[in-house]
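Trainee: Contents of model_18.txt (compact mmCIF, C-alpha atoms and all ligand atoms):
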```txt
# COMPACT_ATOMS: atom_id res chain seq x y z
CA MET A 113 2.24 22.15 33.99
CA PRO A 114 1.22 18.63 35.00
CA ASN A 115 -2.32 17.75 33.97
CA PRO A 116 -3.89 14.52 35.33
CA ASP A 117 -5.99 13.73 32.22
CA ARG A 118 -3.01 14.22 29.96
CA ALA A 119 -0.79 12.13 32.22
CA ALA A 120 -3.35 9.29 32.25
CA LEU A 121 -3.60 9.42 28.45
CA ILE A 122 0.18 9.15 28.08
CA ASP A 123 0.28 6.19 30.44
CA ARG A 124 -2.46 4.20 28.71
CA LEU A 125 -1.45 4.86 25.09
CA PRO A 126 0.35 1.95 23.41
CA LYS A 127 3.75 3.16 22.21
CA ALA A 128 6.73 2.01 20.18
CA GLU A 129 10.27 2.98 21.08
CA LEU A 130 12.51 3.51 18.04
CA HIS A 131 15.65 5.06 19.52
CA LEU A 132 17.12 3.12 22.41
CA HIS A 133 20.74 2.03 22.83
CA ILE A 134 20.53 -1.16 24.88
CA GLU A 135 23.93 -0.44 26.45
CA GLY A 136 22.49 2.92 27.54
CA SER A 137 19.85 1.14 29.63
CA LEU A 138 22.52 -0.20 32.00
CA GLU A 139 21.35 1.10 35.39
CA PRO A 140 24.04 1.76 38.05
CA GLU A 141 22.67 -1.10 40.18
CA LEU A 142 23.14 -3.62 37.35
CA LEU A 143 26.52 -2.05 36.51
CA PHE A 144 27.66 -2.82 40.07
CA ALA A 145 26.17 -6.32 40.07
CA LEU A 146 27.87 -7.23 36.77
CA ALA A 147 31.17 -5.67 37.83
CA ALA A 148 31.13 -7.95 40.89
CA ARG A 149 29.95 -11.01 38.93
CA ASN A 150 32.70 -10.59 36.33
CA ALA A 151 35.41 -9.19 38.65
CA VAL A 152 35.71 -6.06 36.51
CA ALA A 153 37.14 -3.00 38.28
CA ILE A 154 35.02 0.17 37.95
CA PRO A 155 36.16 3.63 39.04
CA PHE A 156 33.17 4.15 41.36
CA ALA A 157 32.64 3.20 45.01
CA SER A 158 28.85 3.37 45.12
CA VAL A 159 25.69 3.68 43.05
CA GLU A 160 25.41 7.27 44.30
CA GLU A 161 28.90 8.03 43.01
CA VAL A 162 27.96 6.62 39.61
CA ARG A 163 24.83 8.76 39.41
CA ALA A 164 26.82 11.84 40.44
CA ALA A 165 29.20 11.19 37.51
CA TYR A 166 26.25 11.40 35.09
CA ASP A 167 26.63 15.12 34.64
CA PHE A 168 27.49 15.83 31.03
CA SER A 169 28.19 18.99 29.07
CA ASN A 170 28.09 17.42 25.60
CA LEU A 171 27.80 14.13 23.70
CA GLN A 172 31.48 13.20 24.03
CA ASP A 173 31.39 13.67 27.80
CA PHE A 174 28.59 11.12 27.95
CA LEU A 175 30.18 8.71 25.46
CA ASP A 176 33.37 8.51 27.54
CA ILE A 177 31.35 7.21 30.53
CA TYR A 178 29.05 5.08 28.34
CA TYR A 179 31.99 3.13 26.86
CA GLN A 180 33.48 2.74 30.35
CA GLY A 181 30.19 1.33 31.65
CA MET A 182 30.02 -1.23 28.84
CA ALA A 183 33.17 -2.94 30.13
CA VAL A 184 31.12 -4.87 32.73
CA LEU A 185 29.15 -6.60 29.94
CA GLN A 186 31.05 -9.82 29.31
CA THR A 187 28.83 -12.89 29.01
CA GLU A 188 25.73 -13.87 27.09
CA GLN A 189 23.85 -13.81 30.41
CA ASP A 190 24.96 -10.18 31.00
CA PHE A 191 23.45 -9.12 27.68
CA PHE A 192 20.29 -11.08 28.46
CA ASP A 193 19.97 -9.45 31.90
CA LEU A 194 20.50 -6.00 30.40
CA THR A 195 17.86 -6.51 27.72
CA TRP A 196 15.33 -8.12 30.04
CA ALA A 197 15.68 -5.25 32.56
CA TYR A 198 15.02 -2.71 29.79
CA LEU A 199 11.96 -4.56 28.52
CA GLN A 200 10.40 -4.68 31.97
CA ARG A 201 10.77 -0.89 32.19
CA ALA A 202 9.35 -0.52 28.70
CA ALA A 203 6.35 -2.74 29.55
CA ALA A 204 5.61 -0.54 32.58
CA ASP A 205 5.33 2.43 30.17
CA ASN A 206 2.97 0.49 27.86
CA VAL A 207 5.59 0.14 25.13
CA ARG A 208 4.31 -2.57 22.78
CA HIS A 209 7.13 -2.62 20.19
CA VAL A 210 10.84 -1.77 20.38
CA GLU A 211 13.52 -1.23 17.75
CA ILE A 212 16.71 -1.26 19.75
CA PHE A 213 20.29 -0.38 18.87
CA PHE A 214 23.39 -2.22 19.95
CA ASP A 215 27.05 -1.31 19.41
CA PRO A 216 28.91 -4.53 18.45
CA GLN A 217 32.23 -2.71 17.99
CA GLY A 218 32.07 -1.52 21.61
CA HIS A 219 32.21 -5.18 22.64
CA THR A 220 34.30 -6.97 20.03
CA ALA A 221 37.09 -4.41 20.60
CA ARG A 222 37.19 -5.68 24.21
CA GLY A 223 37.39 -9.31 23.16
CA VAL A 224 33.69 -10.17 23.58
CA ALA A 225 32.48 -12.22 20.61
CA PHE A 226 29.84 -10.74 18.29
CA GLU A 227 27.76 -13.89 18.86
CA THR A 228 27.88 -13.53 22.67
CA VAL A 229 26.37 -10.05 22.34
CA LEU A 230 23.80 -11.01 19.73
CA ASP A 231 22.74 -14.25 21.47
CA GLY A 232 22.18 -12.52 24.83
CA ILE A 233 20.27 -9.54 23.48
CA GLU A 234 18.15 -11.70 21.21
CA ARG A 235 17.32 -14.13 24.03
CA GLY A 236 16.17 -11.14 26.08
CA LEU A 237 14.05 -9.84 23.21
CA ILE A 238 12.44 -13.23 22.64
CA ALA A 239 11.65 -13.53 26.37
CA GLY A 240 10.15 -10.03 26.21
CA GLN A 241 7.96 -10.98 23.29
CA ARG A 242 6.79 -14.18 24.97
CA GLU A 243 6.31 -12.89 28.51
CA LEU A 244 5.53 -9.20 28.03
CA GLY A 245 4.05 -9.23 24.52
CA ILE A 246 6.57 -6.67 23.24
CA THR A 247 7.58 -7.21 19.61
CA PHE A 248 11.01 -6.16 18.42
CA ARG A 249 13.50 -5.31 15.72
CA LEU A 250 17.26 -5.25 16.31
CA ILE A 251 19.56 -2.64 14.75
CA MET A 252 23.35 -2.80 14.88
CA CYS A 253 25.08 0.57 14.91
CA PHE A 254 28.46 1.45 13.45
CA LEU A 255 30.61 3.60 15.72
CA ARG A 256 31.31 6.65 13.58
CA HIS A 257 34.48 7.68 15.42
CA LEU A 258 36.05 4.45 14.10
CA SER A 259 37.12 3.88 10.50
CA GLU A 260 35.10 2.81 7.47
CA GLU A 261 37.21 -0.35 7.43
CA ASP A 262 36.19 -1.12 11.00
CA ALA A 263 32.51 -0.68 10.05
CA PHE A 264 32.94 -3.08 7.11
CA SER A 265 34.48 -5.58 9.48
CA ALA A 266 31.50 -5.28 11.86
CA LEU A 267 29.12 -5.85 8.94
CA GLU A 268 31.19 -8.88 7.92
CA GLN A 269 30.75 -10.33 11.42
CA ALA A 270 27.00 -9.82 11.11
CA MET A 271 26.79 -11.68 7.80
CA PRO A 272 26.08 -15.17 9.24
CA HIS A 273 23.24 -13.64 11.33
CA LEU A 274 21.32 -11.48 8.87
CA ASP A 275 18.09 -13.29 9.69
CA ARG A 276 18.42 -11.98 13.28
CA ILE A 277 19.53 -8.39 12.59
CA HIS A 278 16.99 -6.11 10.94
CA GLY A 279 18.90 -2.93 10.27
CA VAL A 280 22.00 -0.81 10.66
CA GLY A 281 22.43 2.58 12.31
CA LEU A 282 25.20 5.08 12.91
CA ASP A 283 26.07 6.46 16.35
CA SER A 284 28.85 7.79 18.62
CA SER A 285 30.76 11.08 18.17
CA GLU A 286 28.95 13.03 15.46
CA LEU A 287 31.08 16.15 14.94
CA GLY A 288 33.92 15.47 12.52
CA HIS A 289 32.42 12.15 11.44
CA PRO A 290 29.86 12.97 8.73
CA PRO A 291 27.57 10.34 7.22
CA ALA A 292 29.61 10.54 3.97
CA LYS A 293 32.35 8.54 5.72
CA PHE A 294 30.00 5.53 5.76
CA ALA A 295 28.28 5.82 2.37
CA ARG A 296 29.86 2.62 1.03
CA VAL A 297 29.19 0.46 4.06
CA PHE A 298 25.56 1.64 4.14
CA ALA A 299 25.24 0.82 0.42
CA LYS A 300 26.38 -2.71 1.21
CA ALA A 301 23.97 -2.99 4.15
CA ARG A 302 21.08 -1.85 1.93
CA ALA A 303 22.09 -4.35 -0.76
CA LEU A 304 21.88 -7.06 1.92
CA GLY A 305 18.27 -6.06 2.56
CA LEU A 306 18.88 -4.35 5.91
CA HIS A 307 16.90 -1.33 7.07
CA VAL A 308 18.97 1.84 7.50
CA THR A 309 18.88 4.72 9.96
CA ALA A 310 21.50 7.16 11.28
CA HIS A 311 22.03 9.68 14.05
CA ALA A 312 22.21 13.11 12.43
CA GLY A 313 21.64 16.66 13.57
CA GLU A 314 22.07 15.95 17.29
CA GLU A 315 25.23 18.06 17.46
CA GLY A 316 26.07 18.00 13.76
CA PRO A 317 24.87 20.61 11.24
CA PRO A 318 21.89 20.31 8.87
CA GLU A 319 24.35 19.22 6.17
CA TYR A 320 24.86 15.94 8.06
CA VAL A 321 21.09 15.33 7.95
CA ARG A 322 21.15 15.93 4.18
CA GLU A 323 24.06 13.51 3.81
CA ALA A 324 22.21 10.86 5.82
CA LEU A 325 19.25 11.22 3.42
CA ASP A 326 21.21 11.52 0.16
CA LEU A 327 24.27 9.33 0.75
CA LEU A 328 23.09 6.77 3.31
CA LYS A 329 19.49 6.76 2.02
CA VAL A 330 18.17 6.36 5.55
CA GLU A 331 14.57 5.46 6.37
CA ARG A 332 14.68 7.43 9.64
CA ILE A 333 16.75 10.22 11.16
CA ASP A 334 17.80 9.68 14.77
CA HIS A 335 17.48 13.01 16.62
CA GLY A 336 17.39 15.45 13.67
CA ASN A 337 17.10 18.52 15.91
CA ARG A 338 19.39 20.72 13.86
CA ALA A 339 17.44 20.05 10.64
CA LEU A 340 15.18 22.84 11.89
CA GLU A 341 17.90 25.39 11.07
CA ASP A 342 17.35 24.75 7.34
CA PRO A 343 13.85 25.55 6.01
CA ALA A 344 14.37 23.77 2.69
CA LEU A 345 15.49 20.65 4.54
CA VAL A 346 12.44 20.87 6.82
CA ARG A 347 10.15 21.04 3.76
CA ARG A 348 11.87 17.98 2.32
CA ILE A 349 11.61 15.96 5.57
CA ALA A 350 7.90 16.85 5.75
CA ALA A 351 7.26 16.00 2.09
CA GLU A 352 9.02 12.63 2.40
CA GLY A 353 7.20 11.76 5.64
CA MET A 354 10.62 11.05 7.15
CA THR A 355 10.45 9.93 10.78
CA LEU A 356 12.57 11.76 13.37
CA THR A 357 13.39 9.92 16.60
CA VAL A 358 13.71 12.76 19.09
CA CYS A 359 14.98 12.14 22.64
CA PRO A 360 13.99 15.02 24.94
CA LEU A 361 15.69 14.03 28.22
CA SER A 362 18.83 13.06 26.28
CA ASN A 363 18.82 16.47 24.60
CA LEU A 364 18.60 18.10 28.02
CA LYS A 365 21.34 16.00 29.66
CA LEU A 366 23.72 16.45 26.70
CA CYS A 367 23.08 20.20 26.58
CA VAL A 368 21.58 20.09 23.08
CA ILE A 369 18.86 22.20 24.79
CA ASP A 370 19.06 24.21 28.03
CA GLU A 371 15.61 23.28 29.30
CA ILE A 372 12.87 20.87 28.27
CA ALA A 373 10.73 23.79 27.13
CA GLN A 374 13.26 24.22 24.30
CA SER A 375 12.58 20.70 22.99
CA PRO A 376 11.76 20.89 19.26
CA VAL A 377 8.91 18.37 19.57
CA ARG A 378 6.08 20.87 19.41
CA GLN A 379 7.66 22.85 16.60
CA MET A 380 8.20 19.63 14.64
CA LEU A 381 4.54 18.68 15.15
CA ASP A 382 3.44 22.13 14.00
CA LEU A 383 5.61 21.76 10.89
CA GLY A 384 3.90 18.46 10.07
CA LEU A 385 7.01 16.36 10.69
CA MET A 386 6.79 12.70 11.75
CA VAL A 387 8.34 13.25 15.16
CA THR A 388 8.54 10.49 17.78
CA ILE A 389 9.53 10.45 21.47
CA ASN A 390 12.28 8.14 22.69
CA SER A 391 14.64 7.63 25.62
CA ASP A 392 18.04 7.09 23.90
CA ASP A 393 20.13 6.03 26.95
CA PRO A 394 17.60 6.09 29.80
CA ALA A 395 19.93 4.87 32.57
CA TYR A 396 22.18 7.87 31.90
CA PHE A 397 19.60 10.53 31.04
CA GLY A 398 17.12 10.09 33.86
CA GLY A 399 14.02 8.58 32.33
CA TYR A 400 12.45 5.90 30.16
CA VAL A 401 10.04 6.61 27.34
CA GLY A 402 7.07 7.45 29.58
CA ALA A 403 9.12 10.04 31.47
CA ASN A 404 10.15 11.58 28.14
CA TYR A 405 6.49 11.90 27.06
CA HIS A 406 5.49 13.42 30.41
CA ALA A 407 8.39 15.88 30.39
CA VAL A 408 7.65 17.32 26.95
CA ALA A 409 3.87 17.20 27.34
CA ASP A 410 4.09 19.27 30.53
CA ALA A 411 6.81 21.68 29.38
CA LEU A 412 5.25 22.31 25.95
CA ASP A 413 1.62 22.01 27.11
CA LEU A 414 0.86 19.44 24.41
CA SER A 415 -2.78 18.71 23.62
CA ALA A 416 -4.33 15.25 23.75
CA ASP A 417 -4.36 15.19 19.94
CA GLN A 418 -0.65 15.98 19.81
CA ILE A 419 0.17 13.23 22.29
CA VAL A 420 -1.90 10.73 20.32
CA ARG A 421 -0.08 11.84 17.17
CA LEU A 422 3.29 11.14 18.79
CA ALA A 423 2.18 7.61 19.71
CA GLN A 424 0.78 7.03 16.20
CA ASN A 425 4.04 8.25 14.66
CA SER A 426 6.01 5.77 16.76
CA PHE A 427 4.27 2.86 15.03
CA THR A 428 3.98 4.46 11.59
CA GLY A 429 7.72 5.19 11.62
CA SER A 430 8.65 1.66 12.73
CA PHE A 431 9.95 -1.17 10.56
CA LEU A 432 6.78 -3.20 11.20
CA SER A 433 4.64 -4.37 8.25
CA ALA A 434 1.67 -2.30 7.13
CA ALA A 435 -0.71 -4.87 8.67
CA GLU A 436 1.10 -4.79 12.01
CA LYS A 437 1.11 -0.98 12.02
CA ALA A 438 -2.63 -0.95 11.35
CA LEU A 439 -3.28 -3.23 14.35
CA HIS A 440 -1.30 -0.97 16.67
CA LEU A 441 -3.05 2.14 15.32
CA GLU A 442 -6.41 0.49 16.06
CA ARG A 443 -5.29 -0.16 19.63
CA ILE A 444 -4.41 3.52 19.96
CA VAL A 445 -8.00 4.38 18.95
CA ASP A 446 -9.24 1.95 21.64
CA ALA A 447 -6.96 3.56 24.25
CA VAL A 448 -8.19 7.05 23.34
CA ASN A 449 -11.81 5.97 23.60
CA GLY A 450 -11.36 3.87 26.68
N1 LIG B 1 24.30 9.94 20.28
C1 LIG B 1 25.27 9.34 19.62
N2 LIG B 1 25.75 8.16 19.94
C2 LIG B 1 25.21 7.52 20.97
C3 LIG B 1 24.19 8.09 21.70
C4 LIG B 1 23.71 9.36 21.33
O1 LIG B 1 22.79 9.95 21.94
N3 LIG B 1 23.88 7.18 22.66
C5 LIG B 1 24.67 6.12 22.50
N4 LIG B 1 25.48 6.31 21.48
ZN ZN B 2 21.07 7.70 20.24
```
Can I see the file as structure tokens?
Mentor:
Amino acid sequence: MPNPDRAALIDRLPKAELHLHIEGSLEPELLFALAARNAVAIPFASVEEVRAAYDFSNLQDFLDIYYQGMAVLQTEQDFFDLTWAYLQRAAADNVRHVEIFFDPQGHTARGVAFETVLDGIERGLIAGQRELGITFRLIMCFLRHLSEEDAFSALEQAMPHLDRIHGVGLDSSELGHPPAKFARVFAKARALGLHVTAHAGEEGPPEYVREALDLLKVERIDHGNRALEDPALVRRIAAEGMTLTVCPLSNLKLCVIDEIAQSPVRQMLDLGLMVTINSDDPAYFGGYVGANYHAVADALDLSADQIVRLAQNSFTGSFLSAAEKALHLERIVDAVNG
């Protein structure tokens, strides 16, 4: 049930977003504008037709459309426009820090240079920091449906830019592509000083979450829903203080859950897990981070303390320094009191 005090608290709390694919923030309007600007043919006649196509029954269904949509992103300016549009949405939700994913292989495979992608996204992030006060980290993801060799090649392309890329992640089709496939490339990324995270337990079994922890040595688990099927794994995630980046509206749209009331957020809080709320691919899943907070808070009747905990977790689980985290946590206290 909606509750005005709770809604106002959500809106005024400072938040971090830790699970956001920048290509998944491509709204149909921008998709059309970029298709026209770059003379790229798209199989849709109108924005309404695009939105109607966003009806998915699983992750792969979505990914097929997501990779199609990316084709309109061609120039450095396109990646800037994409990033800037996302940051304005984030600012409206009082997001103060973002750690965003990008999929370089989704672009280099189409002939767009790694540097074009990186330069445009980074310029957007720097503009966001300067004009909106939103700090950032940038995480490149390996596409897990592609080979280990392909992932090594993506990491090689990142090598001249390691001062501008803060971490690596693992995304795309989970089933059949376990974390073990990328153990060596993650070892190299860690040796280079990069942060590491991976999607696990969205559709894949608890064993994939274990592999992400043991073989990839991740600092966060993206999604992690299916970890709840394994009590020993839950105890371990709690004991390690491992952050889970849960994405409620994504889970609903990709049929990981049948209704928002089935979101694992409340159960994870009750189990003492470091759960966070994120939007994943907001242009495709129907809501930015604020909408995700409101949806779960209403469906699960979360208390003010639980909502504050979710916002705290978003900073605690970030790749910010301890001093930066402490500043954000103080601002949360101010928002609660004010
Ligand atoms: N899961 C896996 N890969 C992805 C997703 C997701 O939700 N979004 C973009 N790539
Ligand atoms: Zn994701």
Trainee: Set out as JSON lines a contact list for stretch 136-246 of chain A and stretch 421-442 of chain A with a cut-off of 12 Å, giving each residue of stretch 136-246 of chain A that qualifies its closest atom pair and distance in Å to one decimal, counting all atoms listed in the file, ordered by chain and rising residue number.
Mentor:
```
{"residue": "A:Asn206", "atom": "CA", "partner": "A:Ala423", "partner_atom": "CA", "distance": 10.9}
{"residue": "A:Val207", "atom": "CA", "partner": "A:Ala423", "partner_atom": "CA", "distance": 9.8}
{"residue": "A:Arg208", "atom": "CA", "partner": "A:His440", "partner_atom": "CA", "distance": 8.4}
{"residue": "A:His209", "atom": "CA", "partner": "A:Phe427", "partner_atom": "CA", "distance": 8.1}
{"residue": "A:Val210", "atom": "CA", "partner": "A:Ser430", "partner_atom": "CA", "distance": 8.7}
{"residue": "A:Glu211", "atom": "CA", "partner": "A:Ser430", "partner_atom": "CA", "distance": 7.6}
{"residue": "A:Ile212", "atom": "CA", "partner": "A:Ser430", "partner_atom": "CA", "distance": 11.1}
{"residue": "A:Ile246", "atom": "CA", "partner": "A:His440", "partner_atom": "CA", "distance": 11.7}
```
Trainee: Padding 5 Å on every side, please: axis-aligned box over the listed atoms of ligand LIG 1 (chain B), centre and edge lengths to one decimal in Å, as JSON.
Mentor:
```
{"center_x": 24.3, "center_y": 8.0, "center_z": 21.1, "size_x": 13.0, "size_y": 13.8, "size_z": 13.0}
```
Trainee: So, counting only C-alpha atoms, which residue among A:Ser137, A:Gln172, A:Ser375, A:Gln186 is closest to A:Val152?
Mentor: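 Residue with the minimum atom-to-atom distance to A:Val152: A:Gln186.
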Trainee: Please identify the residues whose atoms come within 8 Å of ligand ZN 2 (chain B), using all atoms listed in the file, and report them as a PyMOL selection string.
Mentor: chain A and resi 131-133+283-284+311+334-335+359+392-393
Trainee: Using all atoms listed in the file, pick whichever of A:Arg256, A:Lys300, A:Arg322, A:His406 has the shortest atom-to-atom distance to ligand LIG 1 (chain B).
Mentor: A:Arg256
Trainee: Please compute the atom CA of A:Gln379-atom CA of A:Ala416 distance, one decimal, in Å.
Mentor: 15.9 Å
Trainee: Measuring atom to atom with only C-alpha atoms, identify which of A:Ala411, A:Ile177, A:Val159, A:Ile277 is nearest to A:Ile233.
Mentor: A:Ile277
Trainee: Go through A:Ala204, A:Ala310, A:Ala221, A:Ile122 and flag the residue nearest ligand LIG 1 (chain B), using only C-alpha atoms and all ligand atoms for the distances.
Mentor: A:Ala310
Trainee: Compare A:Asp410, A:Tyr320, A:Leu282, A:Leu267 by their minimum atom-to-atom distance to A:Leu304, counting all atoms listed in the file, and give me the closest one.
Mentor: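 Closest to A:Leu304 of all the choices is A:Leu267.
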Trainee: With a distance cut-off of 10 Å and all atoms listed in the file, select the neighbouring residues of A:Arg124, excluding the residue or stretch itself and same-chain residues fewer than 5 positions from it, and output the selection as a list in words.
Mentor: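 The neighbour list is Ala119, Asp205, Asn206, Val207, Ile444, Ala447, Val448 and Gly450 of chain A.
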Trainee: Please, could you write that set of residues out with C-alpha atoms as a compact mmCIF listing (two decimals), in the coordinates of the input?
Mentor:
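Wrote it out as selection.txt, contents follow:
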```txt
# COMPACT_ATOMS: atom_id res chain seq x y z
CA ALA A 119 -0.79 12.13 32.22
CA ASP A 205 5.33 2.43 30.17
CA ASN A 206 2.97 0.49 27.86
CA VAL A 207 5.59 0.14 25.13
CA ILE A 444 -4.41 3.52 19.96
CA ALA A 447 -6.96 3.56 24.25
CA VAL A 448 -8.19 7.05 23.34
CA GLY A 450 -11.36 3.87 26.68
```
Trainee: So, with all atoms listed in the file as the atoms that count, which of A:Asp326, A:Glu371, A:Glu352, A:Glu286 lies closest to ligand LIG 1 (chain B)?
Mentor: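 Using all atoms listed in the file, ligand LIG 1 (chain B) sits closest to A:Glu286.
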Trainee: Just give me the residues with any atom within 10 Å of (13.4, 19.1, 31.1), file coordinates, counting all atoms listed in the file, written as a PyMOL selection string.
Mentor: chain A and resi 360-365+369-375+404+406-408+410-411
Trainee: Could you add the missing atoms to stretch 145-153 of chain A, up to all heavy atoms, and return them as a PDB file, in the coordinates of the input?
Mentor:
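In the end it all went to rebuild-v7.pdb:
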```pdb
ATOM      1  N   ALA A 145      26.361  -4.871  39.948  1.00  0.00           N
ATOM      2  CA  ALA A 145      26.170  -6.320  40.070  1.00  0.00           C
ATOM      3  C   ALA A 145      27.038  -7.062  39.043  1.00  0.00           C
ATOM      4  O   ALA A 145      27.677  -8.067  39.367  1.00  0.00           O
ATOM      5  CB  ALA A 145      24.696  -6.669  39.866  1.00  0.00           C
ATOM      6  N   LEU A 146      27.084  -6.540  37.804  1.00  0.00           N
ATOM      7  CA  LEU A 146      27.870  -7.230  36.770  1.00  0.00           C
ATOM      8  C   LEU A 146      29.363  -7.043  37.001  1.00  0.00           C
ATOM      9  O   LEU A 146      30.155  -7.954  36.724  1.00  0.00           O
ATOM     10  CB  LEU A 146      27.470  -6.712  35.372  1.00  0.00           C
ATOM     11  CG  LEU A 146      26.020  -7.009  34.945  1.00  0.00           C
ATOM     12  CD1 LEU A 146      25.782  -6.532  33.517  1.00  0.00           C
ATOM     13  CD2 LEU A 146      25.689  -8.484  35.070  1.00  0.00           C
ATOM     14  N   ALA A 147      29.752  -5.886  37.511  1.00  0.00           N
ATOM     15  CA  ALA A 147      31.170  -5.670  37.830  1.00  0.00           C
ATOM     16  C   ALA A 147      31.620  -6.710  38.849  1.00  0.00           C
ATOM     17  O   ALA A 147      32.701  -7.305  38.727  1.00  0.00           O
ATOM     18  CB  ALA A 147      31.389  -4.255  38.356  1.00  0.00           C
ATOM     19  N   ALA A 148      30.783  -6.961  39.857  1.00  0.00           N
ATOM     20  CA  ALA A 148      31.130  -7.950  40.890  1.00  0.00           C
ATOM     21  C   ALA A 148      31.125  -9.362  40.289  1.00  0.00           C
ATOM     22  O   ALA A 148      32.061 -10.141  40.504  1.00  0.00           O
ATOM     23  CB  ALA A 148      30.131  -7.854  42.043  1.00  0.00           C
ATOM     24  N   ARG A 149      30.082  -9.666  39.510  1.00  0.00           N
ATOM     25  CA  ARG A 149      29.950 -11.010  38.930  1.00  0.00           C
ATOM     26  C   ARG A 149      31.143 -11.352  38.028  1.00  0.00           C
ATOM     27  O   ARG A 149      31.612 -12.482  38.011  1.00  0.00           O
ATOM     28  CB  ARG A 149      28.649 -11.064  38.133  1.00  0.00           C
ATOM     29  CG  ARG A 149      28.241 -12.421  37.645  1.00  0.00           C
ATOM     30  CD  ARG A 149      26.734 -12.465  37.415  1.00  0.00           C
ATOM     31  NE  ARG A 149      26.352 -12.186  36.033  1.00  0.00           N
ATOM     32  CZ  ARG A 149      25.078 -12.025  35.632  1.00  0.00           C
ATOM     33  NH1 ARG A 149      24.098 -12.074  36.520  1.00  0.00           N
ATOM     34  NH2 ARG A 149      24.798 -11.802  34.370  1.00  0.00           N
ATOM     35  N   ASN A 150      31.632 -10.335  37.299  1.00  0.00           N
ATOM     36  CA  ASN A 150      32.700 -10.590  36.330  1.00  0.00           C
ATOM     37  C   ASN A 150      34.073 -10.132  36.820  1.00  0.00           C
ATOM     38  O   ASN A 150      35.035 -10.162  36.053  1.00  0.00           O
ATOM     39  CB  ASN A 150      32.362  -9.884  35.007  1.00  0.00           C
ATOM     40  CG  ASN A 150      31.096 -10.450  34.379  1.00  0.00           C
ATOM     41  OD1 ASN A 150      30.852 -11.652  34.442  1.00  0.00           O
ATOM     42  ND2 ASN A 150      30.292  -9.589  33.768  1.00  0.00           N
ATOM     43  N   ALA A 151      34.141  -9.683  38.069  1.00  0.00           N
ATOM     44  CA  ALA A 151      35.410  -9.190  38.650  1.00  0.00           C
ATOM     45  C   ALA A 151      36.052  -8.125  37.748  1.00  0.00           C
ATOM     46  O   ALA A 151      37.244  -8.166  37.456  1.00  0.00           O
ATOM     47  CB  ALA A 151      36.367 -10.351  38.901  1.00  0.00           C
ATOM     48  N   VAL A 152      35.211  -7.181  37.313  1.00  0.00           N
ATOM     49  CA  VAL A 152      35.710  -6.060  36.510  1.00  0.00           C
ATOM     50  C   VAL A 152      35.817  -4.843  37.436  1.00  0.00           C
ATOM     51  O   VAL A 152      34.861  -4.521  38.159  1.00  0.00           O
ATOM     52  CB  VAL A 152      34.731  -5.733  35.353  1.00  0.00           C
ATOM     53  CG1 VAL A 152      35.159  -4.465  34.612  1.00  0.00           C
ATOM     54  CG2 VAL A 152      34.631  -6.901  34.389  1.00  0.00           C
ATOM     55  N   ALA A 153      36.964  -4.189  37.429  1.00  0.00           N
ATOM     56  CA  ALA A 153      37.140  -3.000  38.280  1.00  0.00           C
ATOM     57  C   ALA A 153      36.422  -1.821  37.645  1.00  0.00           C
ATOM     58  O   ALA A 153      36.504  -1.608  36.432  1.00  0.00           O
ATOM     59  CB  ALA A 153      38.624  -2.692  38.420  1.00  0.00           C
TER      60      ALA A 153
END
```
